[in-house]
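Content type compact mmCIF, C-alpha atoms, from the file input_35.txt:
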```
# COMPACT_ATOMS: atom_id res chain seq x y z
CA MET A 1115 0.00 0.00 0.00
CA ILE A 1116 1.24 3.43 -0.94
CA GLU A 1117 0.37 6.27 1.42
CA GLU A 1118 -1.49 9.11 -0.27
CA LYS A 1119 1.27 11.67 0.29
CA TYR A 1120 3.85 9.36 -1.34
CA LYS A 1121 1.82 8.48 -4.45
CA ILE A 1122 3.61 11.12 -6.51
CA VAL A 1123 7.00 9.85 -5.25
CA ALA A 1124 6.16 6.25 -6.21
CA GLN A 1125 4.91 7.30 -9.62
CA PHE A 1126 7.98 9.38 -10.38
CA ALA A 1127 10.31 6.63 -9.11
CA GLU A 1128 8.66 3.98 -11.31
CA THR A 1129 8.36 6.04 -14.48
CA GLY A 1130 10.65 9.12 -14.27
CA ILE A 1131 13.75 7.29 -15.50
CA GLU A 1132 13.02 5.53 -18.78
CA ALA A 1133 15.50 2.69 -18.18
CA ILE A 1134 13.77 1.87 -14.86
CA LYS A 1135 10.30 2.12 -16.38
CA ARG A 1136 11.30 -0.41 -19.06
CA THR A 1137 11.96 -3.08 -16.41
CA GLY A 1138 8.41 -3.00 -15.04
CA LEU A 1139 9.69 -2.50 -11.48
CA ARG A 1140 6.85 -1.79 -8.98
CA VAL A 1141 6.75 0.15 -5.72
CA GLU A 1142 4.41 -2.03 -3.65
CA VAL A 1143 4.59 -0.30 -0.28
CA LEU A 1144 5.68 3.26 0.43
CA ARG A 1145 5.31 5.16 3.65
CA GLU A 1146 7.51 7.46 5.70
CA ARG A 1147 11.07 6.06 5.70
CA TYR A 1148 10.04 2.62 4.36
CA ALA A 1149 9.60 1.04 0.93
CA ARG A 1150 9.04 -2.40 -0.54
CA VAL A 1151 9.76 -2.75 -4.24
CA SER A 1152 9.59 -5.69 -6.67
CA MET A 1153 11.14 -6.56 -10.03
CA PRO A 1154 9.18 -8.90 -12.32
CA LEU A 1155 11.01 -11.91 -13.77
CA ASN A 1156 8.98 -11.40 -16.94
CA GLY A 1157 10.99 -9.12 -19.25
CA ASN A 1158 14.10 -9.43 -17.06
CA VAL A 1159 15.33 -12.91 -17.92
CA SER A 1160 19.01 -13.79 -18.51
CA HIS A 1161 20.54 -16.29 -20.94
CA LEU A 1162 19.99 -18.89 -18.20
CA GLY A 1163 16.25 -18.24 -17.77
CA THR A 1164 16.75 -16.67 -14.33
CA MET A 1165 16.73 -12.96 -13.47
CA TYR A 1166 19.33 -10.96 -15.39
CA ALA A 1167 22.11 -9.40 -13.25
CA GLY A 1168 21.44 -5.90 -14.61
CA SER A 1169 17.80 -6.02 -13.53
CA LEU A 1170 18.82 -7.21 -10.04
CA PHE A 1171 21.24 -4.27 -9.88
CA ILE A 1172 18.50 -1.83 -10.93
CA LEU A 1173 16.29 -3.13 -8.10
CA GLY A 1174 19.15 -2.82 -5.58
CA GLU A 1175 20.18 0.64 -6.74
CA PHE A 1176 16.57 1.78 -6.61
CA SER A 1177 16.72 1.48 -2.80
CA GLY A 1178 18.67 4.74 -2.52
CA GLY A 1179 16.33 6.80 -4.64
CA ILE A 1180 13.10 5.49 -3.16
CA ILE A 1181 14.18 5.84 0.47
CA PHE A 1182 15.39 9.35 -0.36
CA GLY A 1183 11.90 10.17 -1.66
CA ALA A 1184 10.27 8.71 1.46
CA ALA A 1185 12.58 10.34 3.99
CA PHE A 1186 14.03 13.62 2.68
CA ASP A 1187 12.67 16.92 1.42
CA TYR A 1188 12.94 16.50 -2.35
CA THR A 1189 12.21 20.18 -2.92
CA LYS A 1190 15.57 21.00 -1.27
CA PHE A 1191 17.79 17.97 -1.97
CA ILE A 1192 18.60 15.45 -4.68
CA PRO A 1193 20.09 11.95 -4.31
CA VAL A 1194 23.24 10.84 -6.17
CA VAL A 1195 24.72 7.33 -6.12
CA LYS A 1196 28.48 7.06 -5.45
CA ASP A 1197 29.28 3.35 -5.44
CA ILE A 1198 27.54 -0.01 -5.28
CA SER A 1199 28.65 -3.60 -4.78
CA ILE A 1200 26.37 -6.47 -5.65
CA ARG A 1201 26.94 -10.12 -4.87
CA PHE A 1202 24.92 -12.68 -6.79
CA ILE A 1203 24.31 -15.48 -4.28
CA ARG A 1204 21.82 -17.72 -6.02
CA ALA A 1205 19.84 -17.68 -9.26
CA ALA A 1206 16.50 -15.86 -9.00
CA LYS A 1207 13.74 -17.96 -10.56
CA SER A 1208 10.81 -15.72 -9.62
CA ASP A 1209 9.98 -12.05 -9.17
CA VAL A 1210 12.42 -10.47 -6.72
CA SER A 1211 11.69 -7.90 -4.01
CA MET A 1212 13.58 -5.75 -1.55
CA GLU A 1213 12.76 -3.69 1.51
CA VAL A 1214 14.53 -0.52 2.55
CA SER A 1215 14.07 1.65 5.64
CA MET A 1216 15.83 4.36 7.56
CA ASP A 1217 15.30 5.48 11.14
CA ALA A 1218 14.20 9.01 11.98
CA ALA A 1219 17.39 9.90 13.85
CA GLN A 1220 19.56 8.91 10.89
CA VAL A 1221 17.44 10.95 8.49
CA ALA A 1222 17.62 14.00 10.77
CA GLU A 1223 21.40 13.71 11.05
CA ILE A 1224 21.95 13.34 7.27
CA GLN A 1225 19.58 16.21 6.52
CA ARG A 1226 21.31 18.46 9.08
CA GLU A 1227 24.71 17.69 7.54
CA ALA A 1228 23.43 18.29 3.99
CA GLU A 1229 21.87 21.60 5.03
CA GLN A 1230 25.14 22.75 6.55
CA ASN A 1231 27.68 21.35 4.07
CA GLY A 1232 25.64 21.07 0.92
CA LYS A 1233 26.01 17.28 0.93
CA ALA A 1234 25.93 14.20 3.17
CA ASP A 1235 26.56 10.52 2.45
CA PHE A 1236 24.45 7.58 3.53
CA ASN A 1237 24.98 3.81 3.23
CA LEU A 1238 22.49 1.05 2.64
CA ASN A 1239 22.73 -2.74 2.94
CA ILE A 1240 19.95 -4.40 1.00
CA GLU A 1241 18.91 -8.01 0.47
CA LEU A 1242 17.12 -8.97 -2.73
CA LYS A 1243 14.77 -11.89 -2.09
CA ASP A 1244 12.89 -14.30 -4.30
CA LYS A 1245 9.26 -15.34 -3.81
CA THR A 1246 10.17 -17.99 -1.23
CA GLY A 1247 12.06 -15.43 0.89
CA GLU A 1248 15.53 -16.71 -0.06
CA THR A 1249 18.19 -14.04 -0.53
CA VAL A 1250 19.36 -14.04 -4.16
CA SER A 1251 21.66 -10.98 -4.03
CA ARG A 1252 23.23 -8.66 -1.48
CA VAL A 1253 23.73 -4.99 -2.30
CA GLU A 1254 25.86 -2.46 -0.44
CA GLY A 1255 26.03 1.11 -1.58
CA THR A 1256 26.84 4.72 -0.81
CA TRP A 1257 24.59 7.56 -1.90
CA GLN A 1258 24.85 11.28 -1.36
CA VAL A 1259 22.11 13.75 -0.47
CA ARG A 1260 22.95 17.08 -2.15
CA ARG A 1261 21.36 20.44 -1.50
CA ILE A 1262 19.83 21.82 -4.68
CA GLU A 1263 21.63 25.00 -5.74
CA GLY A 1264 19.59 28.01 -4.74
CA SER A 1265 18.27 26.24 -1.67
CA PRO A 1266 19.87 28.23 1.13
CA ALA A 1267 22.00 26.73 3.89
CA ILE A 1268 20.31 26.86 7.25
CA LYS A 1269 22.36 28.69 9.84
CA VAL A 1270 22.69 26.82 13.10
CA MET B 1430 34.48 -3.70 -36.85
CA ILE B 1431 33.14 -7.11 -35.99
CA GLU B 1432 35.08 -10.08 -37.35
CA GLU B 1433 32.96 -12.42 -39.45
CA LYS B 1434 33.28 -15.38 -37.06
CA TYR B 1435 32.09 -13.23 -34.14
CA LYS B 1436 29.03 -11.70 -35.83
CA ILE B 1437 26.73 -14.28 -34.28
CA VAL B 1438 28.28 -13.62 -30.84
CA ALA B 1439 27.78 -9.87 -31.16
CA GLN B 1440 24.20 -10.28 -32.32
CA PHE B 1441 23.31 -12.65 -29.49
CA ALA B 1442 25.03 -10.42 -26.93
CA GLU B 1443 23.14 -7.31 -28.09
CA THR B 1444 19.72 -8.91 -28.44
CA GLY B 1445 19.61 -12.27 -26.59
CA ILE B 1446 18.77 -10.72 -23.20
CA GLU B 1447 15.73 -8.49 -23.51
CA ALA B 1448 16.82 -6.07 -20.75
CA ILE B 1449 20.14 -5.47 -22.54
CA LYS B 1450 18.45 -5.06 -25.92
CA ARG B 1451 16.16 -2.38 -24.45
CA THR B 1452 19.16 -0.16 -23.63
CA GLY B 1453 20.35 0.06 -27.24
CA LEU B 1454 23.88 -1.05 -26.25
CA ARG B 1455 26.12 -1.69 -29.28
CA VAL B 1456 29.09 -4.00 -29.83
CA GLU B 1457 31.35 -1.81 -32.00
CA VAL B 1458 34.45 -3.97 -32.25
CA LEU B 1459 34.73 -7.69 -31.66
CA ARG B 1460 37.65 -9.91 -32.46
CA GLU B 1461 39.45 -12.73 -30.68
CA ARG B 1462 39.81 -11.83 -26.98
CA TYR B 1463 38.91 -8.15 -27.49
CA ALA B 1464 35.69 -6.09 -27.52
CA ARG B 1465 34.67 -2.44 -27.55
CA VAL B 1466 31.08 -1.72 -26.58
CA SER B 1467 29.06 1.47 -26.22
CA MET B 1468 25.92 2.57 -24.39
CA PRO B 1469 23.88 5.42 -25.88
CA LEU B 1470 22.91 8.32 -23.62
CA ASN B 1471 19.62 8.48 -25.49
CA GLY B 1472 17.13 6.26 -23.66
CA ASN B 1473 19.46 5.88 -20.66
CA VAL B 1474 19.13 9.24 -18.94
CA SER B 1475 18.83 9.70 -15.16
CA HIS B 1476 16.80 12.24 -13.16
CA LEU B 1477 19.84 14.54 -13.56
CA GLY B 1478 20.02 14.34 -17.37
CA THR B 1479 23.24 12.29 -17.29
CA MET B 1480 23.60 8.55 -17.83
CA TYR B 1481 21.55 6.47 -15.39
CA ALA B 1482 23.58 4.31 -12.97
CA GLY B 1483 21.74 1.14 -13.98
CA SER B 1484 22.67 1.59 -17.64
CA LEU B 1485 26.33 2.19 -16.69
CA PHE B 1486 26.19 -1.04 -14.67
CA ILE B 1487 24.72 -2.94 -17.62
CA LEU B 1488 27.60 -1.74 -19.83
CA GLY B 1489 30.16 -2.72 -17.19
CA GLU B 1490 28.59 -6.12 -16.52
CA PHE B 1491 28.42 -6.78 -20.25
CA SER B 1492 32.24 -6.98 -20.30
CA GLY B 1493 32.18 -10.48 -18.78
CA GLY B 1494 29.70 -11.93 -21.24
CA ILE B 1495 31.20 -10.42 -24.37
CA ILE B 1496 34.79 -11.36 -23.56
CA PHE B 1497 33.55 -14.85 -22.76
CA GLY B 1498 32.01 -15.04 -26.25
CA ALA B 1499 35.22 -13.79 -27.86
CA ALA B 1500 37.60 -16.02 -25.91
CA PHE B 1501 35.94 -19.28 -24.81
CA ASP B 1502 34.20 -22.17 -26.51
CA TYR B 1503 30.54 -21.33 -25.94
CA THR B 1504 29.44 -24.78 -27.09
CA LYS B 1505 31.11 -26.24 -23.98
CA PHE B 1506 30.92 -23.46 -21.37
CA ILE B 1507 28.60 -20.75 -20.06
CA PRO B 1508 29.51 -17.55 -18.18
CA VAL B 1509 27.95 -16.64 -14.81
CA VAL B 1510 28.53 -13.39 -12.92
CA LYS B 1511 29.40 -13.72 -9.20
CA ASP B 1512 29.93 -10.16 -7.94
CA ILE B 1513 30.45 -6.65 -9.26
CA SER B 1514 31.49 -3.34 -7.71
CA ILE B 1515 30.89 -0.10 -9.57
CA ARG B 1516 32.19 3.32 -8.59
CA PHE B 1517 30.53 6.35 -10.15
CA ILE B 1518 33.35 8.87 -10.56
CA ARG B 1519 31.81 11.62 -12.64
CA ALA B 1520 28.53 12.25 -14.40
CA ALA B 1521 28.40 10.87 -17.96
CA LYS B 1522 27.02 13.50 -20.33
CA SER B 1523 27.52 11.56 -23.58
CA ASP B 1524 27.45 8.02 -24.89
CA VAL B 1525 29.77 5.81 -22.82
CA SER B 1526 32.07 3.05 -24.03
CA MET B 1527 34.31 0.36 -22.58
CA GLU B 1528 37.03 -1.94 -23.84
CA VAL B 1529 37.72 -5.43 -22.54
CA SER B 1530 40.46 -7.87 -23.46
CA MET B 1531 42.09 -11.04 -22.17
CA ASP B 1532 45.46 -12.51 -23.04
CA ALA B 1533 45.78 -15.94 -24.63
CA ALA B 1534 47.64 -17.48 -21.69
CA GLN B 1535 44.93 -16.42 -19.24
CA VAL B 1536 42.19 -17.84 -21.45
CA ALA B 1537 44.06 -21.15 -21.78
CA GLU B 1538 44.53 -21.41 -18.02
CA ILE B 1539 40.87 -20.63 -17.21
CA GLN B 1540 39.64 -23.05 -19.86
CA ARG B 1541 41.94 -25.81 -18.59
CA GLU B 1542 40.67 -25.31 -15.03
CA ALA B 1543 37.02 -25.28 -16.17
CA GLU B 1544 37.52 -28.46 -18.18
CA GLN B 1545 39.04 -30.23 -15.18
CA ASN B 1546 36.88 -28.88 -12.34
CA GLY B 1547 33.71 -27.91 -14.15
CA LYS B 1548 34.24 -24.23 -13.29
CA ALA B 1549 36.86 -21.49 -13.11
CA ASP B 1550 36.68 -17.85 -11.99
CA PHE B 1551 38.02 -14.82 -13.79
CA ASN B 1552 38.27 -11.16 -12.78
CA LEU B 1553 37.93 -8.02 -14.86
CA ASN B 1554 38.75 -4.37 -14.17
CA ILE B 1555 36.92 -2.12 -16.59
CA GLU B 1556 36.84 1.64 -17.14
CA LEU B 1557 33.72 3.22 -18.59
CA LYS B 1558 34.63 6.32 -20.59
CA ASP B 1559 32.70 9.22 -22.03
CA LYS B 1560 33.16 10.67 -25.51
CA THR B 1561 36.10 12.82 -24.41
CA GLY B 1562 37.93 9.77 -23.01
CA GLU B 1563 37.33 10.71 -19.35
CA THR B 1564 36.62 7.78 -17.02
CA VAL B 1565 33.09 8.09 -15.64
CA SER B 1566 32.89 4.76 -13.77
CA ARG B 1567 35.18 1.95 -12.67
CA VAL B 1568 33.91 -1.62 -12.58
CA GLU B 1569 35.51 -4.65 -10.89
CA GLY B 1570 33.91 -8.02 -11.11
CA THR B 1571 34.22 -11.77 -10.81
CA TRP B 1572 32.68 -14.12 -13.33
CA GLN B 1573 32.72 -17.90 -13.56
CA VAL B 1574 33.16 -20.07 -16.63
CA ARG B 1575 31.09 -23.23 -16.13
CA ARG B 1576 31.22 -26.40 -18.15
CA ILE B 1577 27.82 -27.19 -19.67
CA GLU B 1578 26.43 -30.43 -18.24
CA GLY B 1579 26.90 -33.23 -20.70
CA SER B 1580 30.13 -31.69 -21.99
CA PRO B 1581 32.71 -34.23 -20.83
CA ALA B 1582 35.73 -33.37 -18.72
CA ILE B 1583 38.96 -33.66 -20.63
CA LYS B 1584 41.39 -36.03 -19.01
CA VAL B 1585 44.85 -34.60 -18.60
```
Turn this file's structure into structure tokens for me.
Amino acid sequence: MIEEKYKIVAQFAETGIEAIKRTGLRVEVLRERYARVSMPLNGNVSHLGTMYAGSLFILGEFSGGIIFGAAFDYTKFIPVVKDISIRFIRAAKSDVSMEVSMDAAQVAEIQREAEQNGKADFNLNIELKDKTGETVSRVEGTWQVRRIEGSPAIKV
Amino acid sequence: MIEEKYKIVAQFAETGIEAIKRTGLRVEVLRERYARVSMPLNGNVSHLGTMYAGSLFILGEFSGGIIFGAAFDYTKFIPVVKDISIRFIRAAKSDVSMEVSMDAAQVAEIQREAEQNGKADFNLNIELKDKTGETVSRVEGTWQVRRIEGSPAIKV
């Protein structure tokens, strides 16, 4: 279920980047500081009949953008990805989903740093799971929250 | 330029996996143990107008499959990706390309190990470059060459 106030975030996240839209990825649950997202196997099959590595990466990388949209003020900041590692643990033979969340204290700290310095990094560790709940891939990444130019620094 | 004997490899690599085909990625040069591949900016743009991280990953990950096809006997082996790290160094504002190659001794050693043990790992370090030759992303990964079941081990 997508909370009313996040419907525009979910819609932009699913369709705003053409290469993401093409995968058919779906935001299934979105509320403050939490998202669950799934990637269909259909249209994302590898030469082995299981989910293609690039589509698994897209699902993992999506975690940074969607949690940004559910936790930060997107009128003042933008998210940028810095680095990602993905480990392919077992073949994914079904749709794959991931959950991402951030606690309120962490969000407040990152936002305070980005307001002061213009930017602040955050890390995520994400598990991509198949329909039976087995982990198929592990994703670790670093993203950066950047203040949009013209959005003034808050003096503290 | 794609050498005649590798035309079928290039065509399968570009179109055999639907999610790769959708990006418009192109194999520009393919000969024994060498490939140059490009990803168009058009259709692969992020929320910032530069190349989307997922499309950069697809180009980087493609290195393992295409060098496999240009170096190993694909009637006896298949390639599988194990893990990949990608570092986004600067925004890509043009088409992006990468080169991948492997020396003959390395190929022989990997193939010998895969024939004996059924599998053998190989590593690649790839730079993704924009039109001006600047590196936009660095990719490190591990792939595995696996003997197709039914393809007999060679006794040595």
If chain B is fitted onto chain A by least squares over all C-alpha atoms, taken pair by pair in sequence order, what do its new coordinates look like as an mmCIF file with C-alpha atoms, in the coordinates of the input?
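File out_16.cif, as written:
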```cif
data_model
loop_
_atom_site.group_PDB
_atom_site.id
_atom_site.type_symbol
_atom_site.label_atom_id
_atom_site.label_comp_id
_atom_site.auth_asym_id
_atom_site.auth_seq_id
_atom_site.Cartn_x
_atom_site.Cartn_y
_atom_site.Cartn_z
ATOM 1 C CA MET B 1430 -0.009 0.026 -0.006
ATOM 2 C CA ILE B 1431 1.238 3.448 -0.954
ATOM 3 C CA GLU B 1432 0.369 6.281 1.424
ATOM 4 C CA GLU B 1433 -1.491 9.128 -0.254
ATOM 5 C CA LYS B 1434 1.282 11.694 0.293
ATOM 6 C CA TYR B 1435 3.836 9.371 -1.333
ATOM 7 C CA LYS B 1436 1.827 8.487 -4.454
ATOM 8 C CA ILE B 1437 3.605 11.134 -6.499
ATOM 9 C CA VAL B 1438 6.991 9.846 -5.255
ATOM 10 C CA ALA B 1439 6.155 6.266 -6.204
ATOM 11 C CA GLN B 1440 4.905 7.291 -9.627
ATOM 12 C CA PHE B 1441 7.984 9.383 -10.380
ATOM 13 C CA ALA B 1442 10.297 6.639 -9.112
ATOM 14 C CA GLU B 1443 8.654 3.980 -11.307
ATOM 15 C CA THR B 1444 8.371 6.052 -14.470
ATOM 16 C CA GLY B 1445 10.645 9.136 -14.266
ATOM 17 C CA ILE B 1446 13.759 7.297 -15.498
ATOM 18 C CA GLU B 1447 13.025 5.548 -18.771
ATOM 19 C CA ALA B 1448 15.483 2.677 -18.163
ATOM 20 C CA ILE B 1449 13.775 1.871 -14.844
ATOM 21 C CA LYS B 1450 10.301 2.118 -16.365
ATOM 22 C CA ARG B 1451 11.301 -0.397 -19.060
ATOM 23 C CA THR B 1452 11.948 -3.082 -16.419
ATOM 24 C CA GLY B 1453 8.396 -3.002 -15.051
ATOM 25 C CA LEU B 1454 9.677 -2.505 -11.475
ATOM 26 C CA ARG B 1455 6.858 -1.792 -8.994
ATOM 27 C CA VAL B 1456 6.749 0.153 -5.728
ATOM 28 C CA GLU B 1457 4.407 -2.027 -3.636
ATOM 29 C CA VAL B 1458 4.581 -0.284 -0.279
ATOM 30 C CA LEU B 1459 5.671 3.261 0.433
ATOM 31 C CA ARG B 1460 5.300 5.156 3.652
ATOM 32 C CA GLU B 1461 7.515 7.465 5.683
ATOM 33 C CA ARG B 1462 11.075 6.066 5.703
ATOM 34 C CA TYR B 1463 10.042 2.632 4.378
ATOM 35 C CA ALA B 1464 9.600 1.039 0.932
ATOM 36 C CA ARG B 1465 9.041 -2.410 -0.537
ATOM 37 C CA VAL B 1466 9.751 -2.762 -4.241
ATOM 38 C CA SER B 1467 9.596 -5.675 -6.666
ATOM 39 C CA MET B 1468 11.126 -6.569 -10.024
ATOM 40 C CA PRO B 1469 9.184 -8.912 -12.314
ATOM 41 C CA LEU B 1470 10.995 -11.918 -13.777
ATOM 42 C CA ASN B 1471 8.980 -11.402 -16.942
ATOM 43 C CA GLY B 1472 10.979 -9.119 -19.238
ATOM 44 C CA ASN B 1473 14.101 -9.434 -17.063
ATOM 45 C CA VAL B 1474 15.343 -12.909 -17.918
ATOM 46 C CA SER B 1475 19.012 -13.798 -18.501
ATOM 47 C CA HIS B 1476 20.568 -16.277 -20.952
ATOM 48 C CA LEU B 1477 19.998 -18.892 -18.208
ATOM 49 C CA GLY B 1478 16.259 -18.239 -17.775
ATOM 50 C CA THR B 1479 16.750 -16.662 -14.333
ATOM 51 C CA MET B 1480 16.728 -12.966 -13.472
ATOM 52 C CA TYR B 1481 19.331 -10.955 -15.386
ATOM 53 C CA ALA B 1482 22.102 -9.407 -13.249
ATOM 54 C CA GLY B 1483 21.443 -5.919 -14.610
ATOM 55 C CA SER B 1484 17.799 -6.024 -13.525
ATOM 56 C CA LEU B 1485 18.819 -7.220 -10.034
ATOM 57 C CA PHE B 1486 21.242 -4.281 -9.887
ATOM 58 C CA ILE B 1487 18.509 -1.846 -10.925
ATOM 59 C CA LEU B 1488 16.287 -3.130 -8.091
ATOM 60 C CA GLY B 1489 19.142 -2.840 -5.592
ATOM 61 C CA GLU B 1490 20.188 0.627 -6.757
ATOM 62 C CA PHE B 1491 16.575 1.769 -6.618
ATOM 63 C CA SER B 1492 16.718 1.463 -2.807
ATOM 64 C CA GLY B 1493 18.685 4.721 -2.516
ATOM 65 C CA GLY B 1494 16.334 6.786 -4.640
ATOM 66 C CA ILE B 1495 13.099 5.496 -3.157
ATOM 67 C CA ILE B 1496 14.182 5.841 0.467
ATOM 68 C CA PHE B 1497 15.383 9.336 -0.368
ATOM 69 C CA GLY B 1498 11.886 10.167 -1.659
ATOM 70 C CA ALA B 1499 10.265 8.714 1.459
ATOM 71 C CA ALA B 1500 12.595 10.344 3.980
ATOM 72 C CA PHE B 1501 14.045 13.631 2.681
ATOM 73 C CA ASP B 1502 12.670 16.918 1.426
ATOM 74 C CA TYR B 1503 12.964 16.507 -2.339
ATOM 75 C CA THR B 1504 12.236 20.190 -2.923
ATOM 76 C CA LYS B 1505 15.582 21.011 -1.272
ATOM 77 C CA PHE B 1506 17.789 17.975 -1.969
ATOM 78 C CA ILE B 1507 18.626 15.454 -4.687
ATOM 79 C CA PRO B 1508 20.102 11.951 -4.303
ATOM 80 C CA VAL B 1509 23.250 10.839 -6.166
ATOM 81 C CA VAL B 1510 24.716 7.329 -6.116
ATOM 82 C CA LYS B 1511 28.481 7.069 -5.437
ATOM 83 C CA ASP B 1512 29.279 3.340 -5.437
ATOM 84 C CA ILE B 1513 27.528 -0.014 -5.286
ATOM 85 C CA SER B 1514 28.669 -3.601 -4.768
ATOM 86 C CA ILE B 1515 26.371 -6.472 -5.659
ATOM 87 C CA ARG B 1516 26.943 -10.131 -4.862
ATOM 88 C CA PHE B 1517 24.925 -12.692 -6.795
ATOM 89 C CA ILE B 1518 24.306 -15.493 -4.296
ATOM 90 C CA ARG B 1519 21.815 -17.730 -6.043
ATOM 91 C CA ALA B 1520 19.846 -17.691 -9.264
ATOM 92 C CA ALA B 1521 16.499 -15.868 -9.004
ATOM 93 C CA LYS B 1522 13.743 -17.972 -10.560
ATOM 94 C CA SER B 1523 10.804 -15.722 -9.624
ATOM 95 C CA ASP B 1524 9.974 -12.067 -9.167
ATOM 96 C CA VAL B 1525 12.417 -10.464 -6.716
ATOM 97 C CA SER B 1526 11.685 -7.904 -4.017
ATOM 98 C CA MET B 1527 13.575 -5.741 -1.547
ATOM 99 C CA GLU B 1528 12.751 -3.683 1.513
ATOM 100 C CA VAL B 1529 14.531 -0.507 2.558
ATOM 101 C CA SER B 1530 14.063 1.643 5.635
ATOM 102 C CA MET B 1531 15.832 4.380 7.572
ATOM 103 C CA ASP B 1532 15.311 5.486 11.146
ATOM 104 C CA ALA B 1533 14.206 9.016 11.992
ATOM 105 C CA ALA B 1534 17.402 9.912 13.851
ATOM 106 C CA GLN B 1535 19.570 8.922 10.886
ATOM 107 C CA VAL B 1536 17.452 10.961 8.486
ATOM 108 C CA ALA B 1537 17.645 14.008 10.775
ATOM 109 C CA GLU B 1538 21.423 13.727 11.047
ATOM 110 C CA ILE B 1539 21.963 13.345 7.276
ATOM 111 C CA GLN B 1540 19.607 16.222 6.523
ATOM 112 C CA ARG B 1541 21.331 18.469 9.072
ATOM 113 C CA GLU B 1542 24.735 17.698 7.537
ATOM 114 C CA ALA B 1543 23.444 18.297 3.988
ATOM 115 C CA GLU B 1544 21.897 21.610 5.006
ATOM 116 C CA GLN B 1545 25.169 22.770 6.554
ATOM 117 C CA ASN B 1546 27.708 21.373 4.073
ATOM 118 C CA GLY B 1547 25.650 21.069 0.921
ATOM 119 C CA LYS B 1548 26.036 17.272 0.929
ATOM 120 C CA ALA B 1549 25.964 14.207 3.167
ATOM 121 C CA ASP B 1550 26.582 10.512 2.461
ATOM 122 C CA PHE B 1551 24.455 7.582 3.514
ATOM 123 C CA ASN B 1552 24.980 3.823 3.239
ATOM 124 C CA LEU B 1553 22.489 1.044 2.631
ATOM 125 C CA ASN B 1554 22.723 -2.741 2.940
ATOM 126 C CA ILE B 1555 19.949 -4.404 0.990
ATOM 127 C CA GLU B 1556 18.902 -8.021 0.469
ATOM 128 C CA LEU B 1557 17.121 -8.976 -2.732
ATOM 129 C CA LYS B 1558 14.768 -11.893 -2.102
ATOM 130 C CA ASP B 1559 12.874 -14.306 -4.293
ATOM 131 C CA LYS B 1560 9.255 -15.354 -3.811
ATOM 132 C CA THR B 1561 10.187 -17.997 -1.237
ATOM 133 C CA GLY B 1562 12.057 -15.419 0.875
ATOM 134 C CA GLU B 1563 15.530 -16.724 -0.058
ATOM 135 C CA THR B 1564 18.196 -14.043 -0.531
ATOM 136 C CA VAL B 1565 19.368 -14.052 -4.149
ATOM 137 C CA SER B 1566 21.653 -10.987 -4.039
ATOM 138 C CA ARG B 1567 23.215 -8.668 -1.483
ATOM 139 C CA VAL B 1568 23.723 -5.001 -2.295
ATOM 140 C CA GLU B 1569 25.868 -2.448 -0.430
ATOM 141 C CA GLY B 1570 26.028 1.106 -1.576
ATOM 142 C CA THR B 1571 26.836 4.713 -0.813
ATOM 143 C CA TRP B 1572 24.586 7.546 -1.890
ATOM 144 C CA GLN B 1573 24.862 11.286 -1.359
ATOM 145 C CA VAL B 1574 22.129 13.747 -0.464
ATOM 146 C CA ARG B 1575 22.954 17.066 -2.145
ATOM 147 C CA ARG B 1576 21.381 20.419 -1.494
ATOM 148 C CA ILE B 1577 19.833 21.840 -4.670
ATOM 149 C CA GLU B 1578 21.619 25.030 -5.723
ATOM 150 C CA GLY B 1579 19.575 28.030 -4.756
ATOM 151 C CA SER B 1580 18.233 26.249 -1.674
ATOM 152 C CA PRO B 1581 19.831 28.256 1.131
ATOM 153 C CA ALA B 1582 21.937 26.743 3.886
ATOM 154 C CA ILE B 1583 20.224 26.839 7.236
ATOM 155 C CA LYS B 1584 22.248 28.642 9.843
ATOM 156 C CA VAL B 1585 22.614 26.724 13.064
#
```
Name the closest residue to Arg1451 in chain B among the candidates A:Ala1149, A:Gly1168, A:Met1216, A:Ile1240; distances are taken between atoms, counting all atoms listed in the file.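 Looking at the shortest contact to Arg1451 in chain B, the residue is A:Gly1168.
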Find the residues of chain A in contact range of chain B, meaning any atom within 10 Å when counting only C-alpha atoms, and list them as a ChimeraX atom specification. /A:1126-1127,1130-1134,1136-1137,1156-1163,1166-1176,1192-1205,1251-1256
A:Leu1242, A:Leu1139, A:Val1250, A:Ala1185 ranked by distance to Glu1223 in chain A, top pick (using all atoms listed in the file):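 Checking each of A:Leu1242, A:Leu1139, A:Val1250, A:Ala1185 against Glu1223 in chain A, counting all atoms listed in the file, the winner is A:Ala1185.
Of note, CA of Val1458 in chain B and CA of Phe1551 in chain B are spaced 21.7 Å apart.
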Rounded to one decimal in Å, what is the spacing between CA of Glu1128 in chain A and CA of Thr1164 in chain A?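 CA of Thr1164 in chain A lies 22.4 Å from CA of Glu1128 in chain A.
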Excluding Ile1224 in chain A and its own-chain neighbours fewer than 2 positions away, which residues fall within 12 Å of it when counting only C-alpha atoms? Please give them as a ChimeraX atom specification. /A:1182,1185-1187,1191,1193,1216-1222,1226-1237,1257-1261
CA of Glu1578 in chain B and CA of Gly1493 in chain B are how many Å apart? 20.8 Å
Residues near Lys1560 in chain B, anyone? I mean within 10 Å using only C-alpha atoms, not counting same-chain ones fewer than 3 positions away, as number ranges by chain. B: 1521-1526, 1563-1564
Which residues come within 7 Å of Ile1116 in chain A, counting all atoms listed in the file, excluding same-chain residues fewer than 3 positions away, as a ChimeraX atom specification? /A:1120-1121,1142-1145
Measuring between all atoms listed in the file, which one of A:Thr1129, A:Gly1138, A:Arg1150, A:Gly1247 shows the shortest distance to Ile1180 in chain A? A:Arg1150
Given only C-alpha atoms as the counted atoms, nearest of A:Lys1135, A:Asp1244, A:Asn1239, A:Gly1179 to Leu1155 in chain A: A:Asp1244
Edge lengths and centre in Å to one decimal, as lines of an AutoDock Vina configuration file, is what I'm after for the box along x, y and z that holds all listed atoms of range 1478-1490 of chain B once 3 Å is added on each side.
```
center_x = 25.1
center_y = 4.1
center_z = -16.4
size_x = 16.1
size_y = 26.5
size_z = 12.9
```
